[in-house]
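Q: So here's input19.txt, just compact mmCIF, C-alpha atoms and all ligand atoms:
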```txt
# COMPACT_ATOMS: atom_id res chain seq x y z
CA MET A 157 0.00 0.00 0.00
CA SER A 158 1.27 3.51 -0.81
CA SER A 159 2.62 5.52 2.11
CA ILE A 160 1.09 8.63 0.55
CA LYS A 161 -2.17 9.32 2.37
CA HIS A 162 -2.29 13.09 2.67
CA VAL A 163 -1.41 15.23 -0.35
CA ALA A 164 -1.23 19.02 -0.19
CA ILE A 165 -1.15 21.16 -3.34
CA ILE A 166 -0.01 24.73 -3.96
CA MET A 167 -1.98 25.55 -7.09
CA ASP A 168 0.37 28.10 -8.64
CA GLY A 169 0.98 29.56 -12.09
CA ASN A 170 -2.48 30.81 -13.14
CA GLY A 171 -1.34 34.39 -13.77
CA ARG A 172 1.71 33.44 -15.83
CA TRP A 173 -0.33 30.90 -17.78
CA ALA A 174 -2.77 33.65 -18.79
CA ASN A 175 -0.09 36.28 -19.48
CA LYS A 176 1.66 33.92 -21.86
CA ARG A 177 -1.59 33.77 -23.81
CA PHE A 178 -1.99 37.59 -23.75
CA ARG A 179 -5.01 37.30 -21.49
CA PRO A 180 -5.65 38.93 -18.10
CA ARG A 181 -4.47 37.05 -14.98
CA ILE A 182 -8.11 36.54 -14.01
CA TRP A 183 -8.56 34.30 -17.04
CA GLY A 184 -5.87 32.02 -15.63
CA HIS A 185 -7.80 31.71 -12.37
CA VAL A 186 -11.02 30.87 -14.22
CA ARG A 187 -9.29 28.14 -16.22
CA GLY A 188 -7.47 26.92 -13.13
CA SER A 189 -10.67 26.52 -11.16
CA GLY A 190 -11.84 23.85 -13.61
CA VAL A 191 -8.75 21.78 -12.84
CA VAL A 192 -9.60 21.70 -9.13
CA SER A 193 -12.60 19.42 -9.75
CA ASP A 194 -10.50 17.05 -11.90
CA ILE A 195 -7.86 16.66 -9.21
CA VAL A 196 -10.44 16.11 -6.46
CA LYS A 197 -11.94 13.38 -8.65
CA ALA A 198 -8.54 11.74 -9.17
CA ALA A 199 -7.70 11.88 -5.44
CA ASP A 200 -10.99 10.22 -4.67
CA GLU A 201 -10.44 7.51 -7.32
CA ILE A 202 -7.02 6.54 -6.03
CA GLY A 203 -8.31 6.39 -2.47
CA LEU A 204 -6.26 9.15 -0.82
CA LYS A 205 -7.21 9.83 2.78
CA ALA A 206 -6.79 13.60 2.54
CA LEU A 207 -6.28 16.31 -0.06
CA THR A 208 -5.53 19.90 1.00
CA MET A 209 -5.53 22.63 -1.65
CA TYR A 210 -4.12 26.13 -1.24
CA ALA A 211 -6.63 28.50 -2.81
CA PHE A 212 -5.95 31.90 -1.17
CA SER A 213 -3.17 32.88 1.21
CA THR A 214 -3.24 35.63 3.83
CA GLU A 215 -0.57 37.32 1.67
CA ASN A 216 -2.77 37.21 -1.45
CA TRP A 217 -4.74 40.18 -0.08
CA SER A 218 -1.95 42.32 -1.51
CA ARG A 219 -3.15 41.62 -5.07
CA PRO A 220 -5.33 44.02 -7.11
CA ILE A 221 -8.85 44.06 -5.72
CA GLU A 222 -10.45 42.76 -8.96
CA GLU A 223 -8.20 39.70 -8.80
CA VAL A 224 -9.04 39.09 -5.13
CA SER A 225 -12.71 39.44 -5.90
CA THR A 226 -12.45 36.92 -8.79
CA LEU A 227 -10.82 34.38 -6.45
CA PHE A 228 -13.70 34.83 -3.99
CA LYS A 229 -16.27 34.41 -6.76
CA LEU A 230 -14.58 31.25 -8.00
CA LEU A 231 -14.70 29.71 -4.53
CA LYS A 232 -18.43 30.41 -4.37
CA LYS A 233 -18.95 28.97 -7.83
CA PHE A 234 -17.05 25.82 -6.93
CA LEU A 235 -19.14 25.30 -3.80
CA ILE A 236 -22.38 25.64 -5.73
CA LYS A 237 -21.31 23.58 -8.75
CA GLU A 238 -19.67 20.71 -6.87
CA LYS A 239 -22.08 20.39 -3.94
CA GLN A 240 -23.99 17.36 -5.18
CA ARG A 241 -20.92 15.55 -6.42
CA ILE A 242 -19.09 16.07 -3.14
CA ILE A 243 -22.06 14.78 -1.15
CA SER A 244 -22.69 11.77 -3.35
CA ASN A 245 -19.00 10.80 -3.34
CA ASN A 246 -18.94 10.70 0.47
CA ILE A 247 -16.30 13.48 0.60
CA LYS A 248 -15.81 15.30 3.91
CA PHE A 249 -15.26 18.98 3.14
CA LYS A 250 -13.71 21.74 5.25
CA VAL A 251 -12.21 25.16 4.73
CA ILE A 252 -9.16 26.10 6.83
CA GLY A 253 -8.16 29.73 7.34
CA GLU A 254 -9.78 32.84 8.78
CA ILE A 255 -13.21 32.73 7.19
CA GLN A 256 -15.23 34.83 9.67
CA ASN A 257 -14.64 38.08 7.82
CA LEU A 258 -15.33 36.74 4.34
CA PRO A 259 -18.55 37.80 2.56
CA TYR A 260 -21.67 36.49 4.31
CA GLU A 261 -22.86 34.42 1.34
CA THR A 262 -19.49 32.67 0.98
CA VAL A 263 -19.34 31.87 4.68
CA SER A 264 -22.83 30.39 4.66
CA LEU A 265 -22.07 28.25 1.59
CA ILE A 266 -18.93 26.97 3.32
CA LYS A 267 -20.81 26.22 6.54
CA GLU A 268 -23.58 24.48 4.63
CA MET A 269 -21.14 22.24 2.76
CA GLU A 270 -19.23 21.44 5.95
CA SER A 271 -22.35 20.48 7.81
CA LEU A 272 -23.85 18.46 4.92
CA THR A 273 -20.65 16.40 4.71
CA GLN A 274 -19.69 16.12 8.37
CA GLU A 275 -20.67 12.45 8.62
CA ALA A 276 -18.89 11.51 5.36
CA THR A 277 -16.23 8.85 5.66
CA GLY A 278 -14.41 9.22 2.32
CA LEU A 279 -11.77 11.69 1.12
CA GLN A 280 -11.06 14.54 3.57
CA LEU A 281 -11.05 17.49 1.20
CA THR A 282 -9.70 20.78 2.56
CA PHE A 283 -9.52 24.20 0.94
CA ALA A 284 -7.03 26.56 2.51
CA PHE A 285 -8.64 29.96 2.02
CA ASN A 286 -7.44 33.16 3.66
CA TYR A 287 -4.93 30.75 5.16
CA GLY A 288 -1.43 31.30 6.56
CA GLY A 289 0.74 28.63 8.19
CA ARG A 290 2.20 31.02 10.76
CA ALA A 291 -1.23 32.37 11.64
CA GLU A 292 -2.48 28.80 12.17
CA ILE A 293 0.36 28.02 14.60
CA LEU A 294 -0.07 31.33 16.47
CA ARG A 295 -3.79 30.77 16.79
CA ALA A 296 -3.15 27.32 18.28
CA VAL A 297 -0.53 28.60 20.73
CA ASN A 298 -2.73 31.48 21.88
CA SER A 299 -5.71 29.23 22.34
CA PHE A 300 -3.64 26.81 24.43
CA GLN A 301 -2.28 29.63 26.59
CA MET A 302 -5.78 30.91 27.24
CA SER A 303 -7.18 27.52 28.22
CA GLN A 304 -4.21 25.97 30.07
CA PRO A 305 -1.87 28.73 31.21
CA ASN A 306 -0.13 26.62 33.87
CA ARG A 307 1.17 23.80 31.71
CA LEU A 308 3.85 23.47 29.02
CA MET A 309 2.54 22.67 25.57
CA THR A 310 3.32 19.31 23.93
CA GLU A 311 3.47 18.38 20.24
CA SER A 312 0.22 16.55 20.53
CA ASP A 313 -1.46 19.61 22.12
CA LEU A 314 -0.38 21.69 19.15
CA ASN A 315 -1.43 19.00 16.66
CA ASN A 316 -4.89 18.90 18.16
CA LEU A 317 -5.27 22.66 17.94
CA MET A 318 -4.58 22.87 14.22
CA TYR A 319 -7.59 23.79 12.05
CA ARG A 320 -8.13 20.21 10.90
CA PRO A 321 -6.15 17.78 13.09
CA GLU A 322 -7.73 14.62 11.67
CA THR A 323 -5.97 15.04 8.30
CA GLY A 324 -2.61 14.67 10.08
CA ASP A 325 0.86 15.21 8.64
CA VAL A 326 1.30 15.92 4.95
CA ASP A 327 3.00 13.01 3.13
CA LEU A 328 3.46 14.79 -0.18
CA MET A 329 3.36 18.47 -1.13
CA ILE A 330 3.06 19.27 -4.83
CA ARG A 331 3.61 22.79 -6.12
CA THR A 332 2.79 23.62 -9.72
CA GLY A 333 4.10 26.66 -11.62
CA GLY A 334 7.83 26.05 -11.20
CA GLU A 335 8.59 28.01 -8.01
CA GLN A 336 10.38 26.05 -5.30
CA ARG A 337 9.04 27.47 -2.06
CA ILE A 338 6.38 26.77 0.53
CA SER A 339 4.77 30.24 0.71
CA ASN A 340 3.46 29.91 4.29
CA PHE A 341 1.47 26.71 3.61
CA LEU A 342 0.91 24.04 6.32
CA LEU A 343 4.25 24.80 8.02
CA TRP A 344 3.60 22.53 11.00
CA GLN A 345 2.08 19.63 9.06
CA MET A 346 4.83 19.54 6.41
CA ALA A 347 7.73 18.76 8.77
CA TYR A 348 8.41 15.41 7.05
CA ALA A 349 6.58 15.87 3.75
CA GLU A 350 8.09 14.81 0.46
CA LEU A 351 8.24 17.88 -1.80
CA TYR A 352 7.56 17.81 -5.53
CA PHE A 353 7.84 20.88 -7.74
CA THR A 354 6.53 20.69 -11.28
CA PRO A 355 7.01 23.39 -13.93
CA THR A 356 3.46 22.75 -15.21
CA LYS A 357 1.26 25.79 -14.60
CA TRP A 358 -1.90 24.98 -12.66
CA PRO A 359 -4.37 25.39 -15.60
CA ASP A 360 -2.37 22.72 -17.50
CA PHE A 361 -2.10 20.31 -14.56
CA SER A 362 -3.92 17.05 -15.23
CA GLN A 363 -5.19 13.93 -13.50
CA SER A 364 -2.53 11.90 -15.27
CA GLU A 365 0.36 14.11 -14.07
CA PHE A 366 -1.09 14.04 -10.55
CA LYS A 367 -1.28 10.23 -10.54
CA LYS A 368 2.23 9.91 -12.02
CA ILE A 369 3.70 12.18 -9.31
CA ILE A 370 2.10 10.09 -6.56
CA GLU A 371 3.37 6.88 -8.16
CA HIS A 372 6.85 8.36 -8.53
CA VAL A 373 7.02 9.66 -4.95
CA SER A 374 5.67 6.40 -3.53
CA CYS A 375 8.94 4.82 -4.65
CA ARG A 376 11.10 7.32 -2.73
CA GLU A 377 12.59 6.08 0.50
CA ARG A 378 11.20 8.01 3.49
CA ARG A 379 13.49 7.53 6.49
CA PHE A 380 12.17 10.02 9.08
CA GLY A 381 15.65 10.37 10.62
CA ASN A 382 16.06 6.58 10.86
CA VAL A 383 18.63 4.50 8.90
CA CYS A 384 16.09 2.42 7.03
CA SER A 385 12.63 3.03 5.66
CA GLN A 386 10.71 0.22 7.37
CA ASP A 387 8.87 2.42 9.85
CA ALA A 388 6.14 4.99 9.55
CA LEU A 389 6.78 8.42 11.09
CA GLU A 390 4.99 7.56 14.37
CA GLN A 391 7.02 4.35 14.80
CA SER A 392 10.24 6.17 14.04
CA ILE A 393 9.45 8.86 16.64
CA GLU A 394 8.62 6.19 19.22
CA LYS A 395 11.88 4.35 18.51
CA ALA A 396 13.86 7.59 18.84
CA GLU A 397 12.15 8.35 22.15
CA ASN A 398 12.85 4.83 23.56
CA ASN A 399 16.49 4.92 22.45
CA LYS A 400 16.96 8.36 23.96
CA THR A 401 15.49 7.27 27.32
CA ALA A 402 17.62 4.14 27.38
CA PHE A 403 20.71 6.13 26.45
CA VAL A 404 20.14 8.75 29.14
CA LYS A 405 19.63 5.99 31.73
CA GLY A 406 23.00 4.55 30.70
CA VAL A 407 21.55 1.35 29.26
CA ASN A 408 23.91 -0.42 26.87
CA LEU A 409 22.35 0.23 23.45
C1 LIG B 501 -1.98 30.77 -8.06
O1 LIG B 501 -1.62 31.37 -9.25
C2 LIG B 501 -3.33 31.17 -7.58
C3 LIG B 501 -3.32 31.96 -6.36
C4 LIG B 501 -2.29 32.41 -5.73
C5 LIG B 501 -4.61 32.26 -5.82
P1 LIG B 501 -0.94 32.81 -9.28
O2 LIG B 501 -2.01 33.83 -9.39
O3 LIG B 501 -0.02 33.01 -8.14
O4 LIG B 501 -0.15 32.71 -10.63
P2 LIG B 501 1.32 33.21 -10.91
O5 LIG B 501 2.21 32.56 -9.90
O6 LIG B 501 1.31 34.70 -10.76
O7 LIG B 501 1.60 32.77 -12.30
C1 LIG B 502 0.83 30.58 -3.08
O1 LIG B 502 1.03 31.14 -4.33
C2 LIG B 502 -0.59 30.78 -2.63
C3 LIG B 502 -1.61 30.02 -3.33
C4 LIG B 502 -1.41 29.17 -4.29
C5 LIG B 502 -2.95 30.22 -2.86
P1 LIG B 502 1.62 32.62 -4.50
O2 LIG B 502 1.78 32.86 -5.94
O3 LIG B 502 0.77 33.60 -3.76
O4 LIG B 502 3.02 32.51 -3.76
P2 LIG B 502 4.34 33.37 -3.96
O5 LIG B 502 3.92 34.80 -3.93
O6 LIG B 502 4.91 32.98 -5.27
O7 LIG B 502 5.20 32.96 -2.82
MG MG B 503 1.96 32.60 -7.87
```
Write the structure described by the file as structure tokens, please.
Ligand code: IPE
Ligand code: IPE
Ligand code: MG

A:
Amino acid sequence: MSSIKHVAIIMDGNGRWANKRFRPRIWGHVRGSGVVSDIVKAADEIGLKALTMYAFSTENWSRPIEEVSTLFKLLKKFLIKEKQRIISNNIKFKVIGEIQNLPYETVSLIKEMESLTQEATGLQLTFAFNYGGRAEILRAVNSFQMSQPNRLMTESDLNNLMYRPETGDVDLMIRTGGEQRISNFLLWQMAYAELYFTPTKWPDFSQSEFKKIIEHVSCRERRFGNVCSQDALEQSIEKAENNKTAFVKGVNL
């Protein structure tokens, strides 16, 4: 079985794709939004546990207002167009990010979709919208400090305070568009993720490239700090912890 269960995608390159065709950047976003449905379908078909897609970062507010407004409209359109398909495919949907201050209609569509799919047991589909990795960590730390000020925080405390803890660590992060950076995406969850950067711009990304990348990365050896690749991350952490305790106690290793 593939070790890739949670895939995260930075859907980048829409603007450059459009510019190359002498069209406005907005056109790239419109074309790119069609690809989102294809990739969700493929993720569902191959039986991924979780798919997290970066749709709008906290830094994207710095873009021209017409572009920001197009990205908001496209989210709304996606929610309306894909509602039935998401429900009938048993997909559990959630948006991560600061959504309270988004337009009322968008927030209610998001809430509706989240509540209609809350019992679903299939693909955990997440849209990161108005999302920032640092903001997510800060929010978790502040919330812990408020509720338990007299205790030191553990990794599992922080894990549980992430927006969507059940999706767990990211196994594979794909970024389209050719840039090789993380751009404030899932900083905590990507600690041991495999990274894959493709030059393909998001509007040209396809189900077949997506499946090929997963196949290719499944063959990579993931060691998690260990010397061999037999263990999953949790087992490797446990082994490290046991060895460390034994070592500190002076046990002959
Ligand atoms: C990604 O494409 C979409 C969002 C950031 C919302 P870009 O709009 O960043 O496209 P490029 O990187 O400028 O080509
Ligand atoms: C990352 O792409 C954000 C999303 C895909 C939503 P950007 O295009 O905003 O990232 P930078 O500016 O190249 O880092
Ligand atoms: Mg970009």

Q: May I ask you to write as number ranges by chain all residues lying at most 10 Å from ligand LIG 501 (chain B), with only C-alpha atoms and all ligand atoms counted?

A: A: 166-176, 181-182, 184-185, 188-189, 210-213, 215-217, 219, 223-224, 226-228, 285-286, 331-335, 339, 357-359

Q: Calculate how many Å separate atom CA of A:His372 from atom CA of A:Gln280, rounding to one decimal.

A: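 Distance reported for this atom pair: 22.5 Å.
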
Q: Using only C-alpha atoms and all ligand atoms, which residue out of A:Lys197, A:Lys239, A:Arg337, A:Lys161 lies closest to ligand MG 503 (chain B)?

A: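 Among the listed residues, A:Arg337 lies closest to ligand MG 503 (chain B).
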
Q: Any idea what the distance is between atom CA of A:Pro321 and atom CA of A:Val263?

A: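 Computed distance, atom CA of A:Pro321 to atom CA of A:Val263, equals 21.1 Å.
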
Q: Looking at A:Met318, A:Ile195, A:Ala347, A:Val326, which one is nearest to A:Glu292, with distances taken over all atoms listed in the file?

A: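 The answer is A:Met318, which sits nearest to A:Glu292.
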
Q: Taking (-8.2, 14.0, 4.5) in the file's coordinates as the center, which residues reach within 10 Å of it, counting only C-alpha atoms, put as a list in words?

A: Lys161, His162, Val163, Ala164, Leu204, Lys205, Ala206, Leu207, Thr208, Ile247, Lys248, Phe249, Lys250, Thr277, Gly278, Leu279, Gln280, Leu281, Thr282, Arg320, Pro321, Glu322, Thr323, Gly324 and Val326 of chain A

Q: Looking at all atoms listed in the file, which of A:Ile370, A:Ala291, A:Ala349, A:Val404 is the one that sits closest to A:Glu254?

A: A:Ala291

Q: Taking all atoms of stretch 158-176 of chain A that the file lists, what box with edges along x, y and z, padded by 6 Å per side, do you get, with centre and edge lengths in Å to one decimal, as JSON?

A:
```
{"center_x": -0.1, "center_y": 19.9, "center_z": -9.6, "size_x": 17.4, "size_y": 44.8, "size_z": 36.5}
```

Q: Pick the closest to A:Asn340 from A:Phe234, A:Trp183, A:Tyr260, A:Tyr287: which is it, counting all atoms listed in the file?

A: A:Tyr287

Q: If you measure from atom CA of A:Leu230 to atom CA of A:Val186, what distance in Å do you get, rounded to one decimal?

A: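 Separation between atom CA of A:Leu230 and atom CA of A:Val186: 7.2 Å.
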
Q: Nearest residue to A:Phe283 out of A:Ala296, A:Ile243, A:Val196, A:Lys229, using all atoms listed in the file?

A: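 Residue with the minimum atom-to-atom distance to A:Phe283: A:Val196.
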
Q: Check the smallest atom-to-atom distance from each of A:Gly253, A:Pro259, A:Pro355, A:Gly203 to A:Ser225 using only C-alpha atoms, then report the winner.

A: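 Closest residue, counting only C-alpha atoms: A:Pro259.
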
Q: Excluding A:Thr262 and any residue of its chain fewer than 4 positions from it, enumerate the residues within 9 Å of it, using only C-alpha atoms, and give them as JSON, numbers by chain.

A: {"A": [228, 229, 231, 232, 235, 255, 258, 266, 267]}

Q: Can you tell me, as a list in words, what residues are no more than 9 Å from A:Met346 when counting only C-alpha atoms, ignoring any on the same chain fewer than 2 positions away?

A: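 Near A:Met346, the qualifying residues are Ala164, Asp325, Val326, Asp327, Leu328, Met329, Phe341, Leu342, Leu343, Trp344, Tyr348, Ala349 and Glu350 of chain A.
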
Q: Need the shell around A:Val383: protein/DNA/RNA residues with any atom at most 12 Å away, counting only C-alpha atoms. Skip same-chain ones fewer than 4 positions apart. Format as a short mmCIF file (atom, residue, chain, number, x, y, z; two decimals) with C-alpha atoms, in the coordinates of the input?

A:
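Below is the file that was written, part.cif:
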```
data_model
loop_
_atom_site.label_atom_id
_atom_site.label_comp_id
_atom_site.auth_asym_id
_atom_site.auth_seq_id
_atom_site.Cartn_x
_atom_site.Cartn_y
_atom_site.Cartn_z
CA GLU A 377 12.59 6.08 0.50
CA ARG A 378 11.20 8.01 3.49
CA ARG A 379 13.49 7.53 6.49
CA ASP A 387 8.87 2.42 9.85
CA SER A 392 10.24 6.17 14.04
CA LYS A 395 11.88 4.35 18.51
CA ALA A 396 13.86 7.59 18.84
#
```

Q: Kindly extract all protein, DNA and RNA residues lying within 6 Å of the coordinates (-0.2, 17.0, -18.9) given in the file, considering only C-alpha atoms, and supply them as a ChimeraX atom specification.

A: /A:361-362,365

Q: Deliver the residues from the most recent selection as a file, using C-alpha atoms, as a PDB file, in the frame of the given file.

A:
```pdb
ATOM      1  CA  PHE A 361      -2.100  20.310 -14.560  1.00  0.00           C
ATOM      2  CA  SER A 362      -3.920  17.050 -15.230  1.00  0.00           C
ATOM      3  CA  GLU A 365       0.360  14.110 -14.070  1.00  0.00           C
TER       4      GLU A 365
END
```
